[in-house]
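S.K.: File model-v6.cif follows (mmCIF, C-alpha atoms and all ligand atoms):
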```cif
data_start
loop_
_atom_site.group_PDB
_atom_site.id
_atom_site.type_symbol
_atom_site.label_atom_id
_atom_site.label_comp_id
_atom_site.auth_asym_id
_atom_site.auth_seq_id
_atom_site.Cartn_x
_atom_site.Cartn_y
_atom_site.Cartn_z
ATOM 1 C CA MET A 1 59.726 101.084 121.316
ATOM 2 C CA SER A 2 61.371 98.992 118.662
ATOM 3 C CA LYS A 3 59.516 98.066 115.542
ATOM 4 C CA LYS A 4 61.661 94.944 115.402
ATOM 5 C CA ASN A 5 59.628 91.871 116.042
ATOM 6 C CA THR A 6 60.293 88.606 117.762
ATOM 7 C CA SER A 7 60.387 85.239 115.969
ATOM 8 C CA ALA A 8 57.348 83.101 115.110
ATOM 9 C CA LYS A 9 55.011 82.594 118.058
ATOM 10 C CA SER A 10 55.147 78.813 117.766
ATOM 11 C CA GLU A 11 58.924 78.792 118.343
ATOM 12 C CA LYS A 12 60.561 79.429 121.664
ATOM 13 C CA LEU A 13 62.306 82.767 121.834
ATOM 14 C CA ASN A 14 66.056 82.783 122.250
ATOM 15 C CA VAL A 15 66.591 84.906 125.338
ATOM 16 C CA GLY A 16 69.859 85.985 126.946
ATOM 17 C CA VAL A 17 70.419 87.712 130.275
ATOM 18 C CA TYR A 18 73.683 89.601 130.609
ATOM 19 C CA GLY A 19 75.372 91.978 132.985
ATOM 20 C CA ILE A 20 77.922 94.718 132.405
ATOM 21 C CA THR A 21 79.073 96.999 135.246
ATOM 22 C CA GLY A 22 76.524 96.670 138.052
ATOM 23 C CA CYS A 23 75.954 94.852 141.309
ATOM 24 C CA ALA A 24 73.990 91.862 139.895
ATOM 25 C CA GLY A 25 70.998 92.893 142.002
ATOM 26 C CA CYS A 26 68.805 93.200 138.921
ATOM 27 C CA GLN A 27 69.646 89.668 137.790
ATOM 28 C CA LEU A 28 68.967 88.439 141.317
ATOM 29 C CA SER A 29 65.542 90.095 141.150
ATOM 30 C CA LEU A 30 64.740 87.824 138.236
ATOM 31 C CA ILE A 31 66.005 84.753 140.098
ATOM 32 C CA PHE A 32 64.030 85.723 143.211
ATOM 33 C CA ASN A 33 60.852 84.726 141.331
ATOM 34 C CA GLU A 34 61.270 81.310 142.979
ATOM 35 C CA ASP A 35 57.765 80.114 142.143
ATOM 36 C CA GLU A 36 57.882 81.098 138.485
ATOM 37 C CA ILE A 37 61.486 80.969 137.357
ATOM 38 C CA LEU A 38 61.209 77.368 136.152
ATOM 39 C CA ASP A 39 58.084 78.186 134.121
ATOM 40 C CA VAL A 40 60.037 80.940 132.423
ATOM 41 C CA VAL A 41 62.997 78.709 131.747
ATOM 42 C CA ASN A 42 60.598 76.267 130.045
ATOM 43 C CA LEU A 43 58.734 79.016 128.206
ATOM 44 C CA VAL A 44 61.755 80.466 126.390
ATOM 45 C CA ASN A 45 65.046 79.129 125.195
ATOM 46 C CA LEU A 46 67.295 80.678 127.837
ATOM 47 C CA LYS A 47 70.611 80.699 126.021
ATOM 48 C CA ALA A 48 72.615 82.755 128.488
ATOM 49 C CA PHE A 49 72.351 83.706 132.137
ATOM 50 C CA PRO A 50 75.408 84.456 134.274
ATOM 51 C CA PHE A 51 74.239 82.493 137.322
ATOM 52 C CA ILE A 52 72.617 79.611 135.487
ATOM 53 C CA LYS A 53 74.016 79.118 131.985
ATOM 54 C CA GLU A 54 77.255 79.781 130.196
ATOM 55 C CA VAL A 55 77.441 83.262 128.727
ATOM 56 C CA ASN A 56 78.461 83.612 125.101
ATOM 57 C CA ILE A 57 77.879 87.027 123.559
ATOM 58 C CA ASP A 58 78.376 85.712 120.027
ATOM 59 C CA GLU A 59 75.019 83.878 120.141
ATOM 60 C CA GLN A 60 72.048 85.191 118.125
ATOM 61 C CA PHE A 61 69.048 86.255 120.212
ATOM 62 C CA ASP A 62 65.458 87.352 119.892
ATOM 63 C CA CYS A 63 65.730 89.234 123.157
ATOM 64 C CA VAL A 64 68.633 90.282 125.360
ATOM 65 C CA ILE A 65 67.948 91.582 128.861
ATOM 66 C CA LEU A 66 70.934 93.611 129.992
ATOM 67 C CA GLU A 67 71.814 94.819 133.493
ATOM 68 C CA GLY A 68 74.384 97.495 134.269
ATOM 69 C CA LEU A 69 75.833 100.625 132.745
ATOM 70 C CA VAL A 70 78.769 101.361 130.482
ATOM 71 C CA ALA A 71 81.679 102.128 132.792
ATOM 72 C CA ASP A 72 84.675 100.693 130.957
ATOM 73 C CA LYS A 73 85.725 99.969 127.391
ATOM 74 C CA GLY A 74 84.870 96.287 127.750
ATOM 75 C CA ASP A 75 81.272 97.216 128.627
ATOM 76 C CA LEU A 76 81.021 99.295 125.487
ATOM 77 C CA GLU A 77 82.248 96.456 123.273
ATOM 78 C CA THR A 78 79.790 94.046 124.944
ATOM 79 C CA VAL A 79 76.857 96.428 124.481
ATOM 80 C CA LYS A 80 77.620 96.968 120.794
ATOM 81 C CA LYS A 81 78.052 93.259 120.157
ATOM 82 C CA LEU A 82 74.825 92.342 121.967
ATOM 83 C CA ARG A 83 72.929 95.033 120.076
ATOM 84 C CA LYS A 84 74.182 93.526 116.822
ATOM 85 C CA ASN A 85 73.250 90.003 117.922
ATOM 86 C CA THR A 86 69.703 90.611 119.154
ATOM 87 C CA LYS A 87 66.378 91.688 117.695
ATOM 88 C CA MET A 88 65.261 93.282 120.963
ATOM 89 C CA LEU A 89 67.479 94.887 123.600
ATOM 90 C CA VAL A 90 66.042 95.503 127.071
ATOM 91 C CA SER A 91 67.657 97.754 129.681
ATOM 92 C CA LEU A 92 67.193 96.058 133.034
ATOM 93 C CA GLY A 93 67.361 98.247 136.138
ATOM 94 C CA ALA A 94 68.321 101.791 136.946
ATOM 95 C CA CYS A 95 72.012 101.418 136.021
ATOM 96 C CA ALA A 96 71.065 100.303 132.518
ATOM 97 C CA CYS A 97 68.154 102.760 132.147
ATOM 98 C CA THR A 98 69.484 105.982 133.702
ATOM 99 C CA GLY A 99 73.043 105.409 134.940
ATOM 100 C CA CYS A 100 71.813 105.220 138.554
ATOM 101 C CA VAL A 101 74.190 105.999 141.443
ATOM 102 C CA PRO A 102 77.435 105.200 139.535
ATOM 103 C CA ALA A 103 76.648 108.029 137.082
ATOM 104 C CA TYR A 104 76.433 110.506 139.977
ATOM 105 C CA ARG A 105 80.148 110.946 139.530
ATOM 106 C CA HIS A 106 79.340 113.337 136.649
ATOM 107 C CA PHE A 107 78.089 115.751 139.307
ATOM 108 C CA THR A 108 80.846 115.570 141.880
ATOM 109 C CA LEU A 109 84.539 116.456 142.014
ATOM 110 C CA LYS A 110 87.056 113.895 140.795
ATOM 111 C CA GLU A 111 88.764 113.906 144.195
ATOM 112 C CA ASN A 112 85.549 112.508 145.711
ATOM 113 C CA TYR A 113 85.624 109.284 143.683
ATOM 114 C CA GLU A 114 89.138 108.940 142.255
ATOM 115 C CA HIS A 115 90.262 106.648 145.059
ATOM 116 C CA LEU A 116 87.431 104.228 144.194
ATOM 117 C CA LEU A 117 88.573 103.571 140.607
ATOM 118 C CA TYR A 118 90.179 100.175 139.848
ATOM 119 C CA LYS A 119 93.635 101.543 139.155
ATOM 120 C CA LYS A 120 95.425 98.272 139.744
ATOM 121 C CA MET A 121 93.413 96.243 137.238
ATOM 122 C CA GLU A 122 94.916 97.053 133.874
ATOM 123 C CA GLU A 123 92.203 95.253 131.928
ATOM 124 C CA ILE A 124 89.617 97.732 133.226
ATOM 125 C CA GLU A 125 89.823 100.872 131.116
ATOM 126 C CA ASP A 126 87.601 103.436 132.774
ATOM 127 C CA VAL A 127 85.147 105.512 130.695
ATOM 128 C CA ASP A 128 82.538 108.053 131.822
ATOM 129 C CA PRO A 129 79.654 106.014 133.309
ATOM 130 C CA THR A 130 76.581 106.189 131.081
ATOM 131 C CA PRO A 131 73.328 104.278 130.567
ATOM 132 C CA ILE A 132 72.983 101.895 127.647
ATOM 133 C CA ASP A 133 70.822 104.142 125.457
ATOM 134 C CA GLU A 134 73.665 106.657 125.274
ATOM 135 C CA HIS A 135 75.427 104.145 123.040
ATOM 136 C CA VAL A 136 72.909 101.941 121.247
ATOM 137 C CA GLN A 137 69.168 101.801 120.632
ATOM 138 C CA VAL A 138 67.220 100.318 123.533
ATOM 139 C CA ASP A 139 63.845 98.751 122.732
ATOM 140 C CA TYR A 140 62.379 98.381 126.205
ATOM 141 C CA TYR A 141 63.120 99.616 129.722
ATOM 142 C CA ILE A 142 62.517 97.774 132.995
ATOM 143 C CA PRO A 143 63.537 100.481 135.487
ATOM 144 C CA GLY A 144 64.235 100.471 139.223
ATOM 145 C CA CYS A 145 67.049 99.759 141.639
ATOM 146 C CA PRO A 146 66.449 96.920 141.821
ATOM 147 C CA PRO A 147 63.612 96.412 139.345
ATOM 148 C CA ASP A 148 60.381 94.850 140.553
ATOM 149 C CA LYS A 149 60.774 91.079 140.254
ATOM 150 C CA LYS A 150 57.211 90.565 139.014
ATOM 151 C CA GLU A 151 57.692 93.160 136.293
ATOM 152 C CA ILE A 152 60.643 91.217 134.885
ATOM 153 C CA ILE A 153 58.791 87.917 134.870
ATOM 154 C CA THR A 154 55.669 89.503 133.353
ATOM 155 C CA PHE A 155 57.815 91.003 130.625
ATOM 156 C CA ILE A 156 59.432 87.681 129.720
ATOM 157 C CA LYS A 157 56.102 85.827 129.781
ATOM 158 C CA SER A 158 54.540 88.473 127.541
ATOM 159 C CA VAL A 159 57.288 88.549 124.917
ATOM 160 C CA ALA A 160 57.249 84.754 124.882
ATOM 161 C CA LYS A 161 53.644 85.130 123.636
ATOM 162 C CA GLY A 162 54.671 87.782 121.115
ATOM 163 C CA ILE A 163 53.309 90.704 123.154
ATOM 164 C CA VAL A 164 55.376 93.660 124.310
ATOM 165 C CA PRO A 165 53.774 94.939 127.549
ATOM 166 C CA ARG A 166 52.814 98.580 127.892
ATOM 167 C CA PRO A 167 55.212 100.245 130.325
ATOM 168 C CA TYR A 168 53.673 101.764 133.469
ATOM 169 C CA GLN A 169 53.689 105.534 133.072
ATOM 170 C CA SER A 170 51.831 107.125 136.003
ATOM 171 C CA PRO A 171 53.786 108.726 138.852
ATOM 172 C CA VAL A 172 54.524 106.852 142.084
ATOM 173 C CA CYS A 173 51.888 109.011 143.833
ATOM 174 C CA VAL A 174 49.075 107.101 142.076
ATOM 175 C CA GLU A 175 50.012 103.747 143.628
ATOM 176 C CA CYS A 176 50.949 105.452 146.888
ATOM 177 C CA ARG A 177 47.493 107.006 147.269
ATOM 178 C CA ARG A 178 45.868 103.735 146.253
ATOM 179 C CA ASN A 179 47.845 102.021 149.007
ATOM 180 C CA GLY A 180 46.437 104.471 151.542
ATOM 181 C CA ASN A 181 49.775 105.963 152.606
ATOM 182 C CA THR A 182 49.931 109.298 154.369
ATOM 183 C CA CYS A 183 51.771 111.706 152.078
ATOM 184 C CA LEU A 184 55.367 112.169 153.227
ATOM 185 C CA LEU A 185 55.607 115.559 151.521
ATOM 186 C CA ASP A 186 52.878 116.731 153.893
ATOM 187 C CA SER A 187 55.118 115.803 156.809
ATOM 188 C CA GLY A 188 58.051 117.681 155.276
ATOM 189 C CA LYS A 189 59.963 114.756 153.752
ATOM 190 C CA PRO A 190 61.607 115.184 150.307
ATOM 191 C CA CYS A 191 59.592 112.584 148.410
ATOM 192 C CA LEU A 192 60.152 112.560 144.620
ATOM 193 C CA GLY A 193 57.043 110.452 143.928
ATOM 194 C CA PRO A 194 55.243 113.193 141.949
ATOM 195 C CA ILE A 195 57.917 113.272 139.202
ATOM 196 C CA THR A 196 58.905 109.586 139.280
ATOM 197 C CA THR A 197 57.521 106.790 137.121
ATOM 198 C CA GLY A 198 55.671 104.273 139.271
ATOM 199 C CA GLY A 199 55.151 100.563 138.815
ATOM 200 C CA CYS A 200 56.932 99.644 142.049
ATOM 201 C CA ASP A 201 53.711 99.680 144.088
ATOM 202 C CA SER A 202 55.209 102.637 146.030
ATOM 203 C CA VAL A 203 57.297 100.117 147.932
ATOM 204 C CA CYS A 204 59.527 102.685 149.675
ATOM 205 C CA ILE A 205 56.673 104.851 150.931
ATOM 206 C CA ASN A 206 54.782 101.762 152.113
ATOM 207 C CA GLY A 207 57.817 101.136 154.330
ATOM 208 C CA GLY A 208 57.990 104.748 155.559
ATOM 209 C CA PHE A 209 60.793 105.958 153.257
ATOM 210 C CA GLU A 210 60.480 108.713 150.707
ATOM 211 C CA CYS A 211 60.836 108.011 146.989
ATOM 212 C CA TRP A 212 64.327 108.809 145.658
ATOM 213 C CA GLY A 213 63.300 108.539 142.023
ATOM 214 C CA CYS A 214 64.985 105.251 141.087
ATOM 215 C CA ARG A 215 62.492 104.414 138.314
ATOM 216 C CA GLY A 216 63.251 107.612 136.427
ATOM 217 C CA PRO A 217 61.315 110.755 135.605
ATOM 218 C CA THR A 218 57.772 110.642 134.248
ATOM 219 C CA LYS A 219 57.458 111.899 130.682
ATOM 220 C CA ASP A 220 55.190 114.775 131.702
ATOM 221 C CA MET A 221 56.792 115.650 135.038
ATOM 222 C CA ASN A 222 56.309 119.149 136.397
ATOM 223 C CA LEU A 223 59.854 119.766 137.520
ATOM 224 C CA ASP A 224 59.282 123.411 138.461
ATOM 225 C CA LEU A 225 56.432 122.501 140.790
ATOM 226 C CA MET A 226 58.453 119.684 142.386
ATOM 227 C CA ILE A 227 61.354 122.071 143.033
ATOM 228 C CA LYS A 228 58.957 124.672 144.461
ATOM 229 C CA MET A 229 57.348 122.101 146.786
ATOM 230 C CA LEU A 230 60.755 121.070 148.103
ATOM 231 C CA ARG A 231 61.928 124.674 148.512
ATOM 232 C CA ASP A 232 58.679 125.504 150.339
ATOM 233 C CA ARG A 233 59.500 122.687 152.773
ATOM 234 C CA GLY A 234 62.864 124.258 153.573
ATOM 235 C CA PHE A 235 65.216 122.204 151.378
ATOM 236 C CA ASP A 236 68.034 124.201 149.810
ATOM 237 C CA ASP A 237 68.972 123.999 146.136
ATOM 238 C CA LYS A 238 72.117 121.934 146.762
ATOM 239 C CA PHE A 239 70.070 119.297 148.584
ATOM 240 C CA ILE A 240 67.374 119.283 145.883
ATOM 241 C CA GLN A 241 69.921 118.924 143.070
ATOM 242 C CA ASP A 242 71.823 116.154 144.847
ATOM 243 C CA ARG A 243 68.668 114.211 145.662
ATOM 244 C CA MET A 244 67.304 114.450 142.119
ATOM 245 C CA ARG A 245 70.636 113.497 140.602
ATOM 246 C CA THR A 246 71.254 110.441 142.772
ATOM 247 C CA PHE A 247 69.495 107.990 140.452
ATOM 248 C CA VAL A 248 68.700 109.958 137.311
ATOM 249 C CA GLY A 249 71.113 112.905 137.058
ATOM 250 C CA LEU A 250 72.009 112.183 133.436
ATOM 251 C CA LYS A 251 68.311 112.151 132.542
ATOM 252 C CA LEU A 252 67.780 115.617 134.042
ATOM 253 C CA PRO A 253 70.372 117.683 132.159
ATOM 254 C CA MET A 254 68.132 120.725 132.424
ATOM 255 C CA LEU A 255 68.065 120.693 136.224
ATOM 256 C CA GLU A 256 70.725 123.290 136.918
ATOM 257 C CA LYS A 257 69.231 125.796 134.471
ATOM 258 C CA VAL A 258 65.701 125.184 135.749
ATOM 259 C CA MET A 259 66.839 126.025 139.260
ATOM 260 C CA LYS A 260 68.602 129.271 138.357
ATOM 261 C CA PRO A 261 66.354 132.353 138.234
ATOM 262 C CA GLY A 262 66.445 134.009 134.803
ATOM 263 C CA GLU A 263 67.976 130.966 133.027
ATOM 264 C CA LYS A 264 66.019 129.504 130.118
ATOM 265 C CA PRO A 265 66.431 125.740 129.889
ATOM 266 C CA ASP A 266 66.843 124.192 126.427
ATOM 267 C CA LYS A 267 63.602 122.746 125.124
ATOM 268 C CA LEU A 268 64.995 119.451 123.899
ATOM 269 C CA GLN A 269 66.333 117.530 126.812
ATOM 270 C CA THR A 270 67.120 113.876 126.696
ATOM 271 C CA GLN A 271 66.148 110.454 125.484
ATOM 272 C CA PHE A 272 64.475 108.195 127.994
ATOM 273 C CA TYR A 273 62.122 105.254 127.667
ATOM 274 C CA GLY A 274 62.991 105.313 123.984
ATOM 275 C CA GLU A 275 61.583 108.792 123.466
ATOM 276 C CA LYS A 276 62.868 112.313 123.562
ATOM 277 C CA ILE A 277 61.688 114.321 126.555
ATOM 278 C CA TYR A 278 60.998 118.020 126.205
ATOM 279 C CA TYR A 279 61.068 120.473 129.053
ATOM 280 C CA GLY A 280 58.048 122.693 129.650
HETATM 281 S S1 LIG B 1 70.154 99.050 139.165
HETATM 282 FE FE1 LIG B 1 70.569 98.772 141.341
HETATM 283 S S2 LIG B 1 70.337 96.570 141.663
HETATM 284 FE FE2 LIG B 1 70.583 96.880 139.452
HETATM 285 S S3 LIG B 1 72.788 96.680 139.024
HETATM 286 FE FE3 LIG B 1 72.378 98.845 139.374
HETATM 287 S S4 LIG B 1 72.802 99.169 141.555
HETATM 288 FE FE4 LIG B 1 72.531 96.955 141.253
HETATM 289 S S1 LIG B 2 54.315 110.159 149.862
HETATM 290 FE FE1 LIG B 2 55.395 110.647 147.980
HETATM 291 S S2 LIG B 2 54.618 109.200 146.476
HETATM 292 FE FE2 LIG B 2 53.185 109.218 148.198
HETATM 293 S S3 LIG B 2 51.619 110.697 147.595
HETATM 294 FE FE3 LIG B 2 53.134 111.785 148.833
HETATM 295 S S4 LIG B 2 54.573 112.610 147.319
HETATM 296 FE FE4 LIG B 2 53.388 111.043 146.286
HETATM 297 S S1 LIG B 3 59.216 104.423 145.588
HETATM 298 FE FE1 LIG B 3 60.631 105.580 144.294
HETATM 299 S S2 LIG B 3 62.684 105.018 145.018
HETATM 300 FE FE2 LIG B 3 61.231 103.488 145.816
HETATM 301 S S3 LIG B 3 61.242 101.825 144.313
HETATM 302 FE FE3 LIG B 3 59.558 103.205 143.757
HETATM 303 S S4 LIG B 3 60.485 104.630 142.279
HETATM 304 FE FE4 LIG B 3 62.165 103.632 143.355
#
```
Could you take the file, read its structure, and then write that structure out as structure tokens?
Ligand code: SF4
Ligand code: SF4
Ligand code: SF4

M.R.:
Amino acid sequence: MSKKNTSAKSEKLNVGVYGITGCAGCQLSLIFNEDEILDVVNLVNLKAFPFIKEVNIDEQFDCVILEGLVADKGDLETVKKLRKNTKMLVSLGACACTGCVPAYRHFTLKENYEHLLYKKMEEIEDVDPTPIDEHVQVDYYIPGCPPDKKEIITFIKSVAKGIVPRPYQSPVCVECRRNGNTCLLDSGKPCLGPITTGGCDSVCINGGFECWGCRGPTKDMNLDLMIKMLRDRGFDDKFIQDRMRTFVGLKLPMLEKVMKPGEKPDKLQTQFYGEKIYYG
């Protein structure tokens, strides 16, 4: 987490919410806090918000909350400029934190996605889709697709008081068990809860769906055991790889090597949640 601090507690923080390539679902999550959104607007000096206030990336901020991933050259320029103009940069949502589904294209053939690129819009200059921390330092991560609306509001309220909240770090299974759910792995479903960072109140499992890993891998995940559990339940390696890569493929660069017998994965893997993750 950043050592950079916010401005004096007595002053309102200058906060900006921005979006680069994404679906705006993360920003909507913030707005969906109907009962509290006005409190937040009064608590901080909200200088930019695409749906509410004019967006000017040349402003100076204490905190910028950024949705989306870098998918074209314009995104990259915006990210660099915002980084320069803010004391604290927050990645909001899975696209910003891990690359999410758009980054899955790194793991599929060009012919599978080529037809989806915006060829006719000259101002969009396509680049390989990547999360924000591939380009600039990120100080805080609010993961999820979409992120939990309460988590966003709690974050803003906390930083307004000069406190940076501790990110939730336990796997989804902890909340899932606490919620009294029957384990989906036990009924043969490919749930990624054991290796996924919780904080979503196991919302998918509560509704009967397995966890797809949208909040990103836990720092101390046991990837080998997860793969073994899925293999034991009859899932083949192609399925396991595809499922694990759907939301966080770029954050699991070791996956292919881990799955091949005899291959030794590199120790140093990737940066996530502002830290380097090591395998094994
Ligand atoms: S993380 Fe999900 S909700 Fe947020 S912009 Fe990406 S696809 Fe949309
Ligand atoms: S259903 Fe998934 S998240 Fe819940 S305990 Fe089982 S593996 Fe963990
Ligand atoms: S249960 Fe898994 S897929 Fe669902 S919101 Fe939580 S982390 Fe994301």

S.K.: Run through the PyMOL selection byres (((chain A and resi 21-33) around 6) and not hetatm) on the given coordinates and return the selected residues as a list in words.

M.R.: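 Checking the PyMOL selection byres (((chain A and resi 21-33) around 6) and not hetatm) against this file, the residues are Ile20, Glu34, Asp35, Glu36, Ile37, Gly68, Leu69, Gly93, Pro146 and Lys149 of chain A.
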
S.K.: Report as CSV: every residue of chain A with an atom at most 6 Å from ligand LIG 2 (chain B), its closest pair of atoms, and their distance in Å to one decimal, counting all atoms listed in the file, with rows sorted by chain and ascending residue number.

M.R.:
```
residue,atom,partner,partner_atom,distance
A:Val172,CA,B:LIG2,S2,5.0
A:Cys173,CA,B:LIG2,FE4,3.5
A:Cys176,CA,B:LIG2,FE2,4.6
A:Arg177,CA,B:LIG2,S3,5.5
A:Cys183,CA,B:LIG2,FE3,3.5
A:Leu184,CA,B:LIG2,S1,4.1
A:Leu185,CA,B:LIG2,S4,5.2
A:Cys191,CA,B:LIG2,FE1,4.6
A:Gly193,CA,B:LIG2,S2,3.7
A:Pro194,CA,B:LIG2,FE4,5.2
A:Ile205,CA,B:LIG2,S1,5.9
```

S.K.: Throw together the list of residues within 9 Å of ligand LIG 3 (chain B), counting only C-alpha atoms and all ligand atoms, and drop it here as a PDB file with C-alpha atoms, in the coordinates of the input.

M.R.:
```pdb
ATOM      1  CA  PRO A 143      63.537 100.481 135.487  1.00  0.00           C
ATOM      2  CA  GLY A 144      64.235 100.471 139.223  1.00  0.00           C
ATOM      3  CA  CYS A 145      67.049  99.759 141.639  1.00  0.00           C
ATOM      4  CA  PRO A 146      66.449  96.920 141.821  1.00  0.00           C
ATOM      5  CA  PRO A 147      63.612  96.412 139.345  1.00  0.00           C
ATOM      6  CA  ASP A 148      60.381  94.850 140.553  1.00  0.00           C
ATOM      7  CA  PRO A 171      53.786 108.726 138.852  1.00  0.00           C
ATOM      8  CA  VAL A 172      54.524 106.852 142.084  1.00  0.00           C
ATOM      9  CA  CYS A 173      51.888 109.011 143.833  1.00  0.00           C
ATOM     10  CA  CYS A 176      50.949 105.452 146.888  1.00  0.00           C
ATOM     11  CA  CYS A 191      59.592 112.584 148.410  1.00  0.00           C
ATOM     12  CA  LEU A 192      60.152 112.560 144.620  1.00  0.00           C
ATOM     13  CA  GLY A 193      57.043 110.452 143.928  1.00  0.00           C
ATOM     14  CA  THR A 196      58.905 109.586 139.280  1.00  0.00           C
ATOM     15  CA  THR A 197      57.521 106.790 137.121  1.00  0.00           C
ATOM     16  CA  GLY A 198      55.671 104.273 139.271  1.00  0.00           C
ATOM     17  CA  GLY A 199      55.151 100.563 138.815  1.00  0.00           C
ATOM     18  CA  CYS A 200      56.932  99.644 142.049  1.00  0.00           C
ATOM     19  CA  ASP A 201      53.711  99.680 144.088  1.00  0.00           C
ATOM     20  CA  SER A 202      55.209 102.637 146.030  1.00  0.00           C
ATOM     21  CA  VAL A 203      57.297 100.117 147.932  1.00  0.00           C
ATOM     22  CA  CYS A 204      59.527 102.685 149.675  1.00  0.00           C
ATOM     23  CA  ILE A 205      56.673 104.851 150.931  1.00  0.00           C
ATOM     24  CA  ASN A 206      54.782 101.762 152.113  1.00  0.00           C
ATOM     25  CA  PHE A 209      60.793 105.958 153.257  1.00  0.00           C
ATOM     26  CA  GLU A 210      60.480 108.713 150.707  1.00  0.00           C
ATOM     27  CA  CYS A 211      60.836 108.011 146.989  1.00  0.00           C
ATOM     28  CA  TRP A 212      64.327 108.809 145.658  1.00  0.00           C
ATOM     29  CA  GLY A 213      63.300 108.539 142.023  1.00  0.00           C
ATOM     30  CA  CYS A 214      64.985 105.251 141.087  1.00  0.00           C
ATOM     31  CA  ARG A 215      62.492 104.414 138.314  1.00  0.00           C
ATOM     32  CA  GLY A 216      63.251 107.612 136.427  1.00  0.00           C
ATOM     33  CA  PHE A 247      69.495 107.990 140.452  1.00  0.00           C
TER      34      PHE A 247
END
```

S.K.: Using the chain letters and numbers from the file, give me the residues hit by the PyMOL selection byres (((chain A and resi 157) around 12) and not hetatm), as a ChimeraX atom specification.

M.R.: /A:12-13,15,36-44,150-156,158-165

S.K.: As an exercise, work out the distance from atom CA of A:Arg233 to atom CA of A:Pro261 in Å and give it to one decimal place.

M.R.: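 Separation of atom CA of A:Arg233 and atom CA of A:Pro261: 18.8 Å.
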
S.K.: At what distance in Å, to one decimal, does atom S2 of ligand LIG 1 (chain B) lie from atom CA of A:Val174?

M.R.: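 Interatomic distance, atom CA of A:Val174 to atom S2 of ligand LIG 1 (chain B): 23.7 Å.
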
S.K.: Do you know which residues are at most 12 Å from A:Leu117 counting all atoms listed in the file, after dropping those on the same chain fewer than 4 positions away, and could you put them as number ranges by chain?

M.R.: A: 71-72, 102, 105, 110-113, 121-122, 124-129

S.K.: Go ahead and compute the interatomic distance for atom CA of A:Asp133 and atom S2 of ligand LIG 1 (chain B), in Å to one decimal.

M.R.: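 Atom-to-atom, atom CA of A:Asp133 and atom S2 of ligand LIG 1 (chain B) are spaced 17.9 Å apart.
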
S.K.: Can you spell out as JSON, numbers by chain the set of residues that the PyMOL selection byres (((chain A and resi 248) around 8) and not hetatm) selects in the structure I just provided?

M.R.: {"A": [98, 99, 100, 101, 213, 214, 216, 217, 244, 245, 246, 247, 249, 250, 251, 252]}

S.K.: Please determine, counting all atoms listed in the file, which residue among A:Phe61, A:Phe235, A:Tyr104, A:Tyr18 has the shortest atom-to-atom distance to A:Thr86.

M.R.: A:Phe61

S.K.: Using all atoms listed in the file, pick whichever of A:Cys97, A:Met254, A:Ile132, A:Met229 has the shortest atom-to-atom distance to ligand LIG 1 (chain B).

M.R.: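 Using all atoms listed in the file, ligand LIG 1 (chain B) sits closest to A:Cys97.
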
S.K.: Taking all atoms of ligand LIG 1 (chain B) that appear in the file, build a box with edges along x, y and z, extend it by 4 Å on every side, and state its centre and edge lengths in Å to one decimal, as lines of an AutoDock Vina configuration file.

M.R.:
```
center_x = 71.5
center_y = 97.9
center_z = 140.3
size_x = 10.6
size_y = 10.6
size_z = 10.6
```

S.K.: Just checking: using only C-alpha atoms and all ligand atoms, which residue out of A:Ile57, A:Val90, A:Ile142, A:Leu76 ends up closest to ligand LIG 1 (chain B)?

M.R.: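 Of the candidates, the smallest distance to ligand LIG 1 (chain B) is held by A:Ile142.
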
S.K.: Identify which of the residues A:Glu67, A:Glu11, A:Asp237, A:Glu59 lies closest to ligand LIG 1 (chain B), counting all atoms listed in the file when measuring atom-to-atom distances.

M.R.: A:Glu67
